Every structure is written in C-alpha cells, then in structure tokens.
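A.B. asks: Here you go, model.csv (CSV, C-alpha atoms and all ligand atoms):
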chain,number,residue,atom,x,y,z
J,1410,MET,CA,-3.4,92.3,-60.5
J,1411,ALA,CA,0.0,92.7,-62.0
J,1412,LYS,CA,1.8,89.4,-61.7
J,1413,ARG,CA,4.3,88.8,-64.5
J,1414,GLU,CA,3.1,85.3,-65.2
J,1415,LEU,CA,-0.5,86.5,-65.6
J,1416,GLU,CA,0.5,89.5,-67.8
J,1417,HIS,CA,3.0,87.8,-70.0
J,1418,THR,CA,2.3,85.6,-73.1
J,1419,ARG,CA,5.0,83.1,-74.0
J,1420,LEU,CA,5.5,83.2,-77.8
J,1421,PRO,CA,7.0,80.2,-79.7
J,1422,ILE,CA,10.3,80.5,-81.5
J,1423,PRO,CA,9.7,81.8,-85.0
J,1424,ASN,CA,10.9,80.4,-88.4
J,1425,GLY,CA,13.5,81.9,-90.6
J,1426,TRP,CA,17.2,82.7,-91.1
J,1427,PHE,CA,19.1,83.6,-88.0
J,1428,ALA,CA,22.8,84.3,-87.4
J,1429,VAL,CA,24.5,81.8,-85.1
J,1430,ALA,CA,28.1,83.2,-85.3
J,1431,TRP,CA,30.3,85.8,-86.9
J,1432,SER,CA,32.2,84.4,-89.8
J,1433,LYS,CA,35.5,85.3,-88.2
J,1434,ASP,CA,34.6,83.1,-85.1
J,1435,VAL,CA,35.3,79.8,-86.8
J,1436,ILE,CA,38.4,79.0,-89.0
J,1437,ALA,CA,38.7,76.0,-91.3
J,1438,GLY,CA,38.9,73.0,-89.0
J,1439,GLY,CA,37.3,74.9,-86.1
J,1440,VAL,CA,34.5,73.4,-84.0
J,1441,LYS,CA,32.2,75.4,-81.8
J,1442,SER,CA,29.3,74.4,-79.6
J,1443,ILE,CA,26.3,76.7,-80.1
J,1444,HIS,CA,22.9,76.9,-78.4
J,1445,TYR,CA,20.0,78.5,-80.3
J,1446,PHE,CA,16.3,77.8,-80.9
J,1447,ASP,CA,16.4,75.9,-77.6
J,1448,GLU,CA,18.6,73.3,-79.3
J,1449,GLU,CA,22.2,72.1,-78.8
J,1450,MET,CA,24.1,72.3,-82.0
J,1451,VAL,CA,27.7,72.2,-83.2
J,1452,LEU,CA,29.1,74.6,-85.8
J,1453,PHE,CA,32.2,73.6,-87.7
J,1454,ARG,CA,34.1,74.7,-90.8
J,1455,THR,CA,35.2,72.1,-93.3
J,1456,ARG,CA,38.8,72.0,-94.5
J,1457,SER,CA,37.5,73.5,-97.8
J,1458,GLY,CA,36.0,76.4,-95.9
J,1459,GLU,CA,32.3,75.6,-95.7
J,1460,ALA,CA,30.4,76.4,-92.5
J,1461,ARG,CA,28.2,73.4,-91.3
J,1462,VAL,CA,25.8,73.0,-88.4
J,1463,VAL,CA,24.7,69.7,-87.0
J,1464,ASP,CA,22.9,68.5,-83.8
J,1465,ALA,CA,25.2,68.2,-80.9
J,1466,TYR,CA,24.5,64.7,-79.7
J,1467,CYS,CA,26.0,61.7,-81.5
J,1468,VAL,CA,23.5,59.0,-82.6
J,1469,HIS,CA,25.7,56.3,-81.3
J,1470,LEU,CA,26.1,56.7,-77.5
J,1471,GLY,CA,25.2,60.3,-77.3
J,1472,ALA,CA,28.6,62.1,-76.9
J,1473,HIS,CA,28.6,65.9,-77.5
J,1474,LEU,CA,30.2,66.4,-80.9
J,1475,GLY,CA,31.4,69.9,-79.8
J,1476,GLU,CA,33.4,68.5,-76.9
J,1477,GLY,CA,36.4,67.2,-78.6
J,1478,GLY,CA,34.9,66.4,-82.0
J,1479,ARG,CA,37.4,66.9,-84.9
J,1480,VAL,CA,37.0,68.1,-88.5
J,1481,VAL,CA,38.1,65.5,-91.0
J,1482,GLY,CA,37.8,66.9,-94.5
J,1483,ASP,CA,34.2,67.8,-94.9
J,1484,SER,CA,33.0,65.8,-91.9
J,1485,LEU,CA,33.0,65.9,-88.1
J,1486,ARG,CA,34.4,63.0,-86.2
J,1487,CYS,CA,32.9,62.1,-82.8
J,1488,PRO,CA,35.3,62.2,-79.9
J,1489,PHE,CA,34.0,59.0,-78.3
J,1490,HIS,CA,34.3,56.2,-80.9
J,1491,GLY,CA,35.2,58.0,-84.1
J,1492,TRP,CA,31.9,57.8,-86.0
J,1493,THR,CA,32.2,60.5,-88.6
J,1494,PHE,CA,29.3,62.6,-90.0
J,1495,ASP,CA,29.1,64.5,-93.2
J,1496,GLY,CA,28.3,68.2,-92.4
J,1497,GLN,CA,25.9,68.8,-95.3
J,1498,THR,CA,23.7,65.7,-95.0
J,1499,GLY,CA,24.4,64.6,-91.5
J,1500,ALA,CA,24.9,61.0,-92.6
J,1501,CYS,CA,27.4,58.9,-90.9
J,1502,VAL,CA,30.2,58.2,-93.5
J,1503,ASN,CA,32.7,56.3,-91.5
J,1504,ILE,CA,32.8,54.0,-88.5
J,1505,PRO,CA,36.5,53.3,-88.0
J,1506,TYR,CA,36.0,49.8,-86.5
J,1507,CYS,CA,33.1,48.5,-88.5
J,1508,ASP,CA,32.6,48.1,-92.3
J,1509,ARG,CA,28.8,48.3,-92.3
J,1510,ILE,CA,27.2,51.6,-91.4
J,1511,PRO,CA,23.6,51.3,-90.1
J,1512,ALA,CA,21.3,52.8,-92.7
J,1513,LYS,CA,19.7,55.3,-90.3
J,1514,ALA,CA,23.0,56.5,-88.7
J,1515,ALA,CA,22.8,60.3,-89.1
J,1516,VAL,CA,22.7,63.4,-87.1
J,1517,ARG,CA,20.4,66.3,-88.1
J,1518,ALA,CA,22.2,68.8,-90.4
J,1519,TRP,CA,20.8,72.3,-90.4
J,1520,PRO,CA,20.5,74.4,-93.5
J,1521,VAL,CA,23.4,77.0,-93.4
J,1522,GLN,CA,24.5,80.0,-95.4
J,1523,GLU,CA,27.2,82.5,-94.9
J,1524,LYS,CA,27.2,86.1,-96.0
J,1525,ASN,CA,27.4,89.7,-94.7
J,1526,GLY,CA,30.1,88.6,-92.2
J,1527,MET,CA,27.8,86.1,-90.4
J,1528,ILE,CA,26.9,82.4,-90.5
J,1529,PHE,CA,23.1,81.8,-90.7
J,1530,VAL,CA,21.0,78.8,-89.8
J,1531,TRP,CA,17.5,78.2,-91.1
J,1532,HIS,CA,15.1,77.3,-88.3
J,1533,ASP,CA,11.7,75.8,-89.1
J,1534,GLU,CA,9.4,74.4,-86.5
J,1535,LYS,CA,8.1,71.8,-89.0
J,1536,GLY,CA,11.5,71.0,-90.5
J,1537,ARG,CA,10.7,72.5,-93.9
J,1538,GLU,CA,13.6,73.5,-96.2
J,1539,PRO,CA,14.3,77.3,-96.6
J,1540,HIS,CA,11.7,79.0,-98.7
J,1541,TRP,CA,12.8,82.6,-98.7
J,1542,ASP,CA,16.2,84.4,-98.6
J,1543,PHE,CA,17.7,87.8,-97.9
J,1544,PRO,CA,20.3,89.7,-99.8
J,1545,LEU,CA,24.1,90.0,-99.8
J,1546,LEU,CA,24.8,93.6,-98.8
J,1547,PRO,CA,27.4,94.9,-101.3
J,1548,GLU,CA,28.8,97.5,-98.8
J,1549,ILE,CA,30.1,94.8,-96.4
J,1550,GLY,CA,33.7,93.9,-97.5
J,1551,HIS,CA,33.7,96.5,-100.3
J,1552,PRO,CA,37.0,98.3,-100.7
J,1553,ASP,CA,35.3,101.8,-100.5
J,1554,TRP,CA,33.7,100.9,-97.2
J,1555,SER,CA,35.4,100.5,-93.8
J,1556,GLU,CA,36.3,97.3,-92.1
J,1557,PRO,CA,33.0,96.4,-90.2
J,1558,ARG,CA,32.8,97.1,-86.5
J,1559,THR,CA,30.8,94.6,-84.6
J,1560,PHE,CA,28.9,94.5,-81.3
J,1561,ASP,CA,26.8,91.8,-79.8
J,1562,LEU,CA,24.6,91.3,-76.7
J,1563,GLU,CA,22.2,88.8,-75.1
J,1564,VAL,CA,18.8,90.2,-74.1
J,1565,PRO,CA,16.2,88.5,-71.9
J,1566,VAL,CA,13.3,89.2,-74.2
J,1567,HIS,CA,11.6,87.4,-77.1
J,1568,VAL,CA,13.1,88.1,-80.6
J,1569,GLN,CA,9.8,89.5,-81.9
J,1570,ASP,CA,9.7,92.2,-79.2
J,1571,MET,CA,13.1,93.3,-80.1
J,1572,HIS,CA,12.2,93.5,-83.8
J,1573,GLU,CA,9.0,95.4,-83.0
J,1574,ASN,CA,11.1,98.4,-82.1
J,1575,ASN,CA,11.7,99.0,-85.8
J,1576,ASN,CA,8.0,99.5,-86.3
J,1577,ASP,CA,7.6,101.7,-83.3
J,1578,PRO,CA,8.3,105.3,-84.4
J,1579,VAL,CA,7.0,106.8,-81.1
J,1580,HIS,CA,9.6,105.0,-78.9
J,1581,PHE,CA,12.4,106.9,-80.7
J,1582,GLN,CA,11.0,110.0,-79.1
J,1583,PHE,CA,10.5,108.7,-75.6
J,1584,VAL,CA,13.3,106.1,-75.3
J,1585,HIS,CA,16.0,107.7,-77.5
J,1586,GLY,CA,15.2,111.4,-77.1
J,1587,ALA,CA,14.4,112.0,-80.8
J,1588,VAL,CA,12.7,115.4,-81.3
J,1589,GLU,CA,9.6,113.9,-82.8
J,1590,PRO,CA,8.6,110.7,-84.5
J,1591,LEU,CA,10.0,110.6,-88.1
J,1592,PRO,CA,7.4,110.7,-90.9
J,1593,SER,CA,7.8,107.3,-92.6
J,1594,ASP,CA,6.6,105.2,-95.5
J,1595,ILE,CA,6.4,101.4,-95.4
J,1596,SER,CA,6.5,99.1,-98.4
J,1597,TYR,CA,6.5,95.3,-98.7
J,1598,ASP,CA,8.3,93.0,-101.2
J,1599,SER,CA,6.3,90.8,-103.5
J,1600,ASP,CA,6.2,87.8,-101.2
J,1601,GLY,CA,5.5,89.9,-98.2
J,1602,ARG,CA,8.4,88.6,-96.1
J,1603,ALA,CA,10.5,91.7,-96.4
J,1604,TYR,CA,9.5,95.3,-95.9
J,1605,ARG,CA,11.2,98.7,-96.1
J,1606,ILE,CA,10.5,101.8,-93.9
J,1607,THR,CA,11.8,105.0,-95.3
J,1608,SER,CA,12.0,108.3,-93.3
J,1609,VAL,CA,13.4,111.6,-94.5
J,1610,THR,CA,15.3,113.8,-92.1
J,1611,GLU,CA,17.7,116.7,-91.9
J,1612,ARG,CA,21.0,115.4,-90.7
J,1613,ALA,CA,24.0,117.4,-89.5
J,1614,THR,CA,27.2,115.6,-90.6
J,1615,PRO,CA,30.9,116.6,-90.4
J,1616,THR,CA,30.6,117.6,-94.1
J,1617,GLY,CA,27.4,119.7,-93.7
J,1618,THR,CA,23.7,119.4,-93.2
J,1619,PHE,CA,21.8,117.4,-95.7
J,1620,THR,CA,18.3,116.0,-96.3
J,1621,THR,CA,18.9,112.3,-95.8
J,1622,GLN,CA,16.8,109.2,-96.0
J,1623,LEU,CA,16.9,106.6,-93.3
J,1624,VAL,CA,16.1,103.3,-95.1
J,1625,ARG,CA,15.3,100.4,-92.8
J,1626,ASP,CA,15.0,97.0,-94.4
J,1627,SER,CA,13.8,93.9,-92.6
J,1628,TRP,CA,13.8,90.3,-93.8
J,1629,GLY,CA,11.8,87.9,-91.6
J,1630,ILE,CA,11.8,88.4,-87.8
J,1631,GLY,CA,15.3,89.3,-86.9
J,1632,LEU,CA,17.3,90.5,-89.9
J,1633,SER,CA,17.5,94.1,-90.7
J,1634,ALA,CA,19.7,96.8,-92.3
J,1635,VAL,CA,19.6,100.5,-91.8
J,1636,ARG,CA,21.2,102.7,-94.4
J,1637,THR,CA,21.7,106.5,-94.3
J,1638,GLU,CA,21.4,107.8,-97.8
J,1639,GLY,CA,21.7,111.3,-99.2
J,1640,ILE,CA,25.0,112.5,-97.9
J,1641,PRO,CA,27.0,113.2,-101.1
J,1642,GLN,CA,29.5,110.5,-101.9
J,1643,ALA,CA,29.1,108.9,-98.4
J,1644,GLY,CA,27.0,106.4,-96.6
J,1645,LEU,CA,26.5,104.5,-93.4
J,1646,LEU,CA,25.2,101.0,-93.0
J,1647,MET,CA,24.1,99.0,-90.0
J,1648,PHE,CA,23.2,95.3,-90.4
J,1649,SER,CA,21.8,93.3,-87.5
J,1650,SER,CA,20.6,89.8,-86.7
J,1651,THR,CA,18.6,88.8,-83.7
J,1652,THR,CA,18.6,85.1,-82.9
J,1653,PRO,CA,16.4,83.3,-80.4
J,1654,ILE,CA,18.5,81.4,-77.9
J,1655,THR,CA,15.3,80.2,-76.2
J,1656,ALA,CA,11.8,81.7,-76.5
J,1657,GLU,CA,12.7,84.2,-73.7
J,1658,ARG,CA,16.3,85.0,-74.6
J,1659,THR,CA,17.8,86.6,-77.7
J,1660,HIS,CA,21.3,87.1,-79.0
J,1661,SER,CA,21.7,90.2,-81.1
J,1662,ARG,CA,24.6,91.0,-83.4
J,1663,TRP,CA,25.2,94.4,-85.0
J,1664,LEU,CA,27.6,95.2,-87.7
J,1665,LEU,CA,28.5,98.8,-88.8
J,1666,THR,CA,30.3,100.1,-91.7
J,1667,ALA,CA,30.8,103.6,-93.3
J,1668,THR,CA,32.4,104.8,-96.5
J,1669,ASN,CA,36.1,105.3,-96.0
J,1670,ASN,CA,35.7,109.1,-96.4
J,1671,MET,CA,33.3,109.2,-93.5
J,1672,VAL,CA,34.8,106.7,-91.1
J,1673,ASP,CA,37.4,109.0,-89.4
J,1674,LEU,CA,34.8,111.8,-89.0
J,1675,ALA,CA,31.7,109.8,-88.1
J,1676,GLY,CA,32.6,106.1,-87.6
J,1677,GLU,CA,33.2,106.5,-83.8
J,1678,ASP,CA,30.0,108.5,-83.3
J,1679,PHE,CA,28.0,106.0,-85.3
J,1680,MET,CA,29.2,103.1,-83.1
J,1681,ASN,CA,28.7,105.1,-79.9
J,1682,GLY,CA,25.3,106.2,-81.0
J,1683,LEU,CA,24.3,102.6,-81.7
J,1684,THR,CA,25.6,101.1,-78.4
J,1685,SER,CA,24.1,103.8,-76.3
J,1686,GLY,CA,20.8,103.5,-78.2
J,1687,VAL,CA,20.7,99.8,-77.5
J,1688,MET,CA,21.4,100.4,-73.8
J,1689,GLN,CA,18.4,102.7,-73.7
J,1690,ASP,CA,16.2,99.9,-75.2
J,1691,MET,CA,17.7,97.3,-73.0
J,1692,ARG,CA,15.9,98.6,-69.8
J,1693,ILE,CA,12.6,98.3,-71.6
J,1694,TRP,CA,13.3,94.9,-73.2
J,1695,SER,CA,14.7,93.3,-70.1
J,1696,ASN,CA,11.7,94.2,-68.0
J,1697,LYS,CA,8.7,94.1,-70.3
J,1698,VAL,CA,6.1,91.4,-70.7
J,1699,HIS,CA,4.8,90.3,-74.1
J,1700,ARG,CA,1.2,91.4,-74.7
J,1701,ALA,CA,-0.5,89.1,-77.2
J,1702,ARG,CA,-3.4,91.5,-77.4
J,1703,PRO,CA,-1.9,95.0,-76.7
J,1704,MET,CA,-4.3,97.9,-76.2
J,1705,LEU,CA,-3.4,100.0,-79.2
J,1706,CYS,CA,-4.5,103.5,-80.1
J,1707,GLU,CA,-5.6,104.8,-83.5
J,1708,ALA,CA,-2.1,106.2,-84.2
J,1709,ASP,CA,-0.3,102.9,-83.6
J,1710,THR,CA,-0.8,101.8,-87.2
J,1711,TYR,CA,2.8,100.5,-87.7
J,1712,LEU,CA,2.5,98.4,-84.6
J,1713,ALA,CA,-0.8,96.9,-85.7
J,1714,GLU,CA,0.6,96.2,-89.1
J,1715,PHE,CA,3.7,94.5,-87.6
J,1716,ARG,CA,1.6,92.2,-85.5
J,1717,GLN,CA,-0.3,91.0,-88.6
J,1718,TRP,CA,3.0,90.6,-90.6
J,1719,VAL,CA,4.8,88.5,-88.0
J,1720,LYS,CA,2.1,85.8,-88.0
J,1721,GLN,CA,3.6,84.2,-91.2
J,1722,PHE,CA,6.7,83.3,-89.3
J,1723,TYR,CA,5.0,80.9,-86.9
J,1724,VAL,CA,3.6,77.5,-87.5
J,1801,LIG,S1,29.1,58.3,-79.1
J,1801,LIG,FE1,29.8,59.1,-80.9
J,1801,LIG,S2,30.9,57.5,-81.8
J,1801,LIG,FE2,30.2,56.7,-80.0
J,1802,FE,FE,15.1,101.5,-79.9
Turn this file's structure into structure tokens for me.
C.D. replies:
Amino acid sequence: MAKRELEHTRLPIPNGWFAVAWSKDVIAGGVKSIHYFDEEMVLFRTRSGEARVVDAYCVHLGAHLGEGGRVVGDSLRCPFHGWTFDGQTGACVNIPYCDRIPAKAAVRAWPVQEKNGMIFVWHDEKGREPHWDFPLLPEIGHPDWSEPRTFDLEVPVHVQDMHENNNDPVHFQFVHGAVEPLPSDISYDSDGRAYRITSVTERATPTGTFTTQLVRDSWGIGLSAVRTEGIPQAGLLMFSSTTPITAERTHSRWLLTATNNMVDLAGEDFMNGLTSGVMQDMRIWSNKVHRARPMLCEADTYLAEFRQWVKQFYV
C-alpha cells in the first residue's frame, strides 16, 4: 500500500536560528508581515536601524500590527488604537489615551540578529533563549568580493529533508549528474551543533585546473555555507538559510559571492549552476515523503550520522 498519508511522517518544526528576510528587504521605519514557524509575526526596523520581530496580533483587541502598524522610534504602534510596543522586549510602552499601562500588556518579542545579509529569528519550541550561534562570514560585504547575488524559493518539504541533501553524497551522482560521489571527511565543532564536510576534487576554472577543496559548513538545521578553496587568489562562497514556514513548507534563501577577479569569468556560471542544481532537487523534494525510519544500506553512513545529529534540534 503506498498512500502518502501512510508512508509520510510529519516532523515537528526544529529549534534554531532561521532567516526571515534579506536585510535589504526592510529599511529603517519599514514594517513587514512575515509567516514562519507556523506563526504570524511582524518584522520592523527601528529608526536607529535595528531589526525587530514581534507577534502579529495586538494584545488589546487583536489588530494585526503588520496591517498599518507604524514605527515610532524603537517601537511599533498598533494601527487600531495606538498602543505602542517596544521591539526588543515586546512591552507596551504607551497608550495614547490612558496614563496607566496594564502590567501584562506585551506582545511576544522574538530574539533577532542580523548578519551575512539576512535577518535571523531564534525559534525554540519551549521558548528558551538562544544557546548557540553561527559566524559572521567575512567574505560577505568584503571589498575584494563581489556584491552578493541572491535567489530564493519556497519548497513543499520539511526543512530537515532539504538539509539532508548536504549529507547525501550519492544524490550528487544521480540527481546532479556528478561523475561519482566525492570522497569526503566530516568533523564536528566542540558543542556538536556545527559540522564541516570537506571534499577534494579537481576543478576546471577559467584560470586553469586545480585541486580544490569543497568545504561545506552547517550550523543547526538550515544554515550552511559552501566554499571552494584552492584556486590561487580566488574563491567562491555560497551561504544559505532554509526556514520552516510550516512543518511541511520551507523558504530557502541562497546568497552567492565570488572574489572580484573571478566574478566576470565564473560568477554567472556559479549562479546558473546553483539555480539549475536546486531545480533538479526540487522534483525530489516536492514529491517525497519523510521516512522516520528509512531503510539504509551499509554505505549510507553520512545519512545515518545526520539522522542522529538532527535529534538535538527538537524538543
Ligand atoms: S487593537 Fe491594538 S491598540 Fe487596540
Ligand atoms: Fe542536491
């Protein structure tokens, strides 16, 4: 029997840092409704330039703060009766027609950080504060590196199944037409939340053929960077964030940059390679089920390791 509902296991939404917007999408004073983690939220940028994210519905009579809400200094003012909420704490700081603010008047404020060209929200099913981080990538915005090119897409699949591709060397051969799976090494950071997969390959580039290393870093479920190293005085970087919209739908963002000396020669190919690669995965992702207990073979060591590793990101 192959009914989807019998074959498919519904995973919960994992915990961690996830991108909710590109930095360029929200200017100071800008307000944007966003929907991730199966929650309605509002992203805004304070007059001093800080990105903030709060729950969408006002504690007063329930207006949607993203539908006409206005930024006032560091706060967001509700469009309905003007109650104003601090973006960092969520506390109501002003009711224009009443001197006394009820003690519990607050909306939920989500932990936010901004780096690598994106705005990230910390999602934790138990409401715990962020307890791990990921790095600022020095290539992004560096004068020797190109202006990042970006690409994003919604995919009807759980975020974990998208991330699993990183740990699936065999699919590169079958889905992406690679000649053979790349020999790889995997190493974990001290707290076990990040890992690095390194593979060595011969790579033909516009400046010659070199032995290059493909270095894939992952932080939690959803954040990853892929660097091509070993081309003299040149480099390529892809950074991506996959964010759960719901348990069954994912928003993925990719950012690409290359050293300035490479970008005219390889920038376009790099972008086209990425987008066509994603489209090849798309057919698999959009139609697969999630197998909680996949039938693995002896050679699927990376997949088996990945399934153990992801457990820490669920409650
Ligand atoms: S509903 Fe927001 S101020 Fe009344
Ligand atoms: Fe893939």
A.B. asks: Within 10 Å of ligand FE 1802 (chain J), which residues of chain J come that close, and what is the closest atom pair and distance in Å for each? Count only C-alpha atoms and all ligand atoms and give it as a Markdown table.
C.D. replies:
| residue | atom | partner | partner_atom | distance |
| --- | --- | --- | --- | --- |
| J:Met1571 | CA | J:FE1802 | FE | 8.4 |
| J:His1572 | CA | J:FE1802 | FE | 9.4 |
| J:Glu1573 | CA | J:FE1802 | FE | 9.2 |
| J:Asn1574 | CA | J:FE1802 | FE | 5.5 |
| J:Asn1575 | CA | J:FE1802 | FE | 7.3 |
| J:Asn1576 | CA | J:FE1802 | FE | 9.8 |
| J:Asp1577 | CA | J:FE1802 | FE | 8.2 |
| J:Pro1578 | CA | J:FE1802 | FE | 9.0 |
| J:Val1579 | CA | J:FE1802 | FE | 9.8 |
| J:His1580 | CA | J:FE1802 | FE | 6.6 |
| J:Phe1581 | CA | J:FE1802 | FE | 6.1 |
| J:Gln1582 | CA | J:FE1802 | FE | 9.5 |
| J:Phe1583 | CA | J:FE1802 | FE | 9.6 |
| J:Val1584 | CA | J:FE1802 | FE | 6.7 |
| J:His1585 | CA | J:FE1802 | FE | 6.7 |
| J:Leu1683 | CA | J:FE1802 | FE | 9.4 |
| J:Ser1685 | CA | J:FE1802 | FE | 10.0 |
| J:Gly1686 | CA | J:FE1802 | FE | 6.3 |
| J:Val1687 | CA | J:FE1802 | FE | 6.3 |
| J:Met1688 | CA | J:FE1802 | FE | 8.8 |
| J:Gln1689 | CA | J:FE1802 | FE | 7.1 |
| J:Asp1690 | CA | J:FE1802 | FE | 5.1 |
| J:Met1691 | CA | J:FE1802 | FE | 8.5 |
| J:Ile1693 | CA | J:FE1802 | FE | 9.2 |
| J:Trp1694 | CA | J:FE1802 | FE | 9.6 |
A.B. asks: Please identify all protein, DNA and RNA residues within 9 Å of ligand LIG 1801 (chain J), counting all atoms listed in the file, and report them as a list in words.
C.D. replies: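 The distance check yields Tyr1466, Cys1467, Val1468, His1469, Leu1470, Gly1471, Ala1472, His1473, Leu1474, Gly1478, Arg1486, Cys1487, Pro1488, Phe1489, His1490, Gly1491, Trp1492, Thr1493 and Ile1504 of chain J.
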A.B. asks: Skipping near chain neighbours, those fewer than 3 positions away, what residues fall within 9 Å of J:Asp1464 using only C-alpha atoms, listed as a PDB file with C-alpha atoms, in the coordinates of the input?
C.D. replies:
ATOM      1  CA  GLU J1448      18.600  73.300 -79.300  1.00  0.00           C
ATOM      2  CA  GLU J1449      22.200  72.100 -78.800  1.00  0.00           C
ATOM      3  CA  MET J1450      24.100  72.300 -82.000  1.00  0.00           C
ATOM      4  CA  VAL J1451      27.700  72.200 -83.200  1.00  0.00           C
ATOM      5  CA  LEU J1452      29.100  74.600 -85.800  1.00  0.00           C
ATOM      6  CA  CYS J1467      26.000  61.700 -81.500  1.00  0.00           C
ATOM      7  CA  HIS J1473      28.600  65.900 -77.500  1.00  0.00           C
ATOM      8  CA  LEU J1474      30.200  66.400 -80.900  1.00  0.00           C
ATOM      9  CA  GLY J1499      24.400  64.600 -91.500  1.00  0.00           C
ATOM     10  CA  VAL J1516      22.700  63.400 -87.100  1.00  0.00           C
ATOM     11  CA  ARG J1517      20.400  66.300 -88.100  1.00  0.00           C
ATOM     12  CA  ALA J1518      22.200  68.800 -90.400  1.00  0.00           C
ATOM     13  CA  TRP J1519      20.800  72.300 -90.400  1.00  0.00           C
TER      14      TRP J1519
END
A.B. asks: Skip stretch 1664-1676 of chain J itself and residues of its chain fewer than 2 positions away, then list as a PDB file with C-alpha atoms, in the coordinates of the input all residues within 9 Å of it, counting only C-alpha atoms.
C.D. replies:
ATOM      1  CA  ASN J1525      27.400  89.700 -94.700  1.00  0.00           C
ATOM      2  CA  GLY J1526      30.100  88.600 -92.200  1.00  0.00           C
ATOM      3  CA  GLU J1548      28.800  97.500 -98.800  1.00  0.00           C
ATOM      4  CA  ILE J1549      30.100  94.800 -96.400  1.00  0.00           C
ATOM      5  CA  PRO J1552      37.000  98.300-100.700  1.00  0.00           C
ATOM      6  CA  ASP J1553      35.300 101.800-100.500  1.00  0.00           C
ATOM      7  CA  TRP J1554      33.700 100.900 -97.200  1.00  0.00           C
ATOM      8  CA  SER J1555      35.400 100.500 -93.800  1.00  0.00           C
ATOM      9  CA  GLU J1556      36.300  97.300 -92.100  1.00  0.00           C
ATOM     10  CA  PRO J1557      33.000  96.400 -90.200  1.00  0.00           C
ATOM     11  CA  ARG J1558      32.800  97.100 -86.500  1.00  0.00           C
ATOM     12  CA  THR J1559      30.800  94.600 -84.600  1.00  0.00           C
ATOM     13  CA  PHE J1560      28.900  94.500 -81.300  1.00  0.00           C
ATOM     14  CA  ASP J1561      26.800  91.800 -79.800  1.00  0.00           C
ATOM     15  CA  THR J1614      27.200 115.600 -90.600  1.00  0.00           C
ATOM     16  CA  PRO J1615      30.900 116.600 -90.400  1.00  0.00           C
ATOM     17  CA  THR J1616      30.600 117.600 -94.100  1.00  0.00           C
ATOM     18  CA  GLN J1642      29.500 110.500-101.900  1.00  0.00           C
ATOM     19  CA  ALA J1643      29.100 108.900 -98.400  1.00  0.00           C
ATOM     20  CA  GLY J1644      27.000 106.400 -96.600  1.00  0.00           C
ATOM     21  CA  LEU J1645      26.500 104.500 -93.400  1.00  0.00           C
ATOM     22  CA  LEU J1646      25.200 101.000 -93.000  1.00  0.00           C
ATOM     23  CA  MET J1647      24.100  99.000 -90.000  1.00  0.00           C
ATOM     24  CA  PHE J1648      23.200  95.300 -90.400  1.00  0.00           C
ATOM     25  CA  SER J1649      21.800  93.300 -87.500  1.00  0.00           C
ATOM     26  CA  SER J1650      20.600  89.800 -86.700  1.00  0.00           C
ATOM     27  CA  ARG J1662      24.600  91.000 -83.400  1.00  0.00           C
ATOM     28  CA  ASP J1678      30.000 108.500 -83.300  1.00  0.00           C
ATOM     29  CA  PHE J1679      28.000 106.000 -85.300  1.00  0.00           C
ATOM     30  CA  MET J1680      29.200 103.100 -83.100  1.00  0.00           C
ATOM     31  CA  ASN J1681      28.700 105.100 -79.900  1.00  0.00           C
TER      32      ASN J1681
END
A.B. asks: Counting all atoms listed in the file, I want the residues whose atoms come within 8 Å of (10.5, 96.2, -93.7) in the file frame, returned as a list in words.
C.D. replies: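 The residues that fall inside the cut-off are Ile1595, Ser1596, Tyr1597, Ala1603, Tyr1604, Arg1605, Ile1606, Arg1625, Asp1626, Ser1627, Trp1628 and Ser1633 of chain J.
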A.B. asks: Would you pick out the contacts of J:Arg1658 at 12 Å or less, using only C-alpha atoms, so that residues sharing its chain but fewer than 5 positions from it are not included, and give the list as a PyMOL selection string?
C.D. replies: chain J and resi 1419-1422+1444-1447+1562-1571+1651-1653+1694-1695
A.B. asks: Using all atoms listed in the file, can you tell me which of J:Val1481, J:Leu1623, J:Leu1415, J:Leu1546 comes closest to J:Val1698?
C.D. replies: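 Distance minimum relative to J:Val1698 lands on J:Leu1415.
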A.B. asks: Record the distance separating atom CA of J:Gly1439 and atom CA of J:Ser1457, expressed in Å with one decimal.
C.D. replies: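 Spanning atom CA of J:Gly1439 to atom CA of J:Ser1457 is a straight-line distance of 11.8 Å.
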A.B. asks: What does the distance from atom CA of J:Gly1586 to atom CA of J:Val1609 come to in Å, to one decimal?
C.D. replies: 17.5 Å
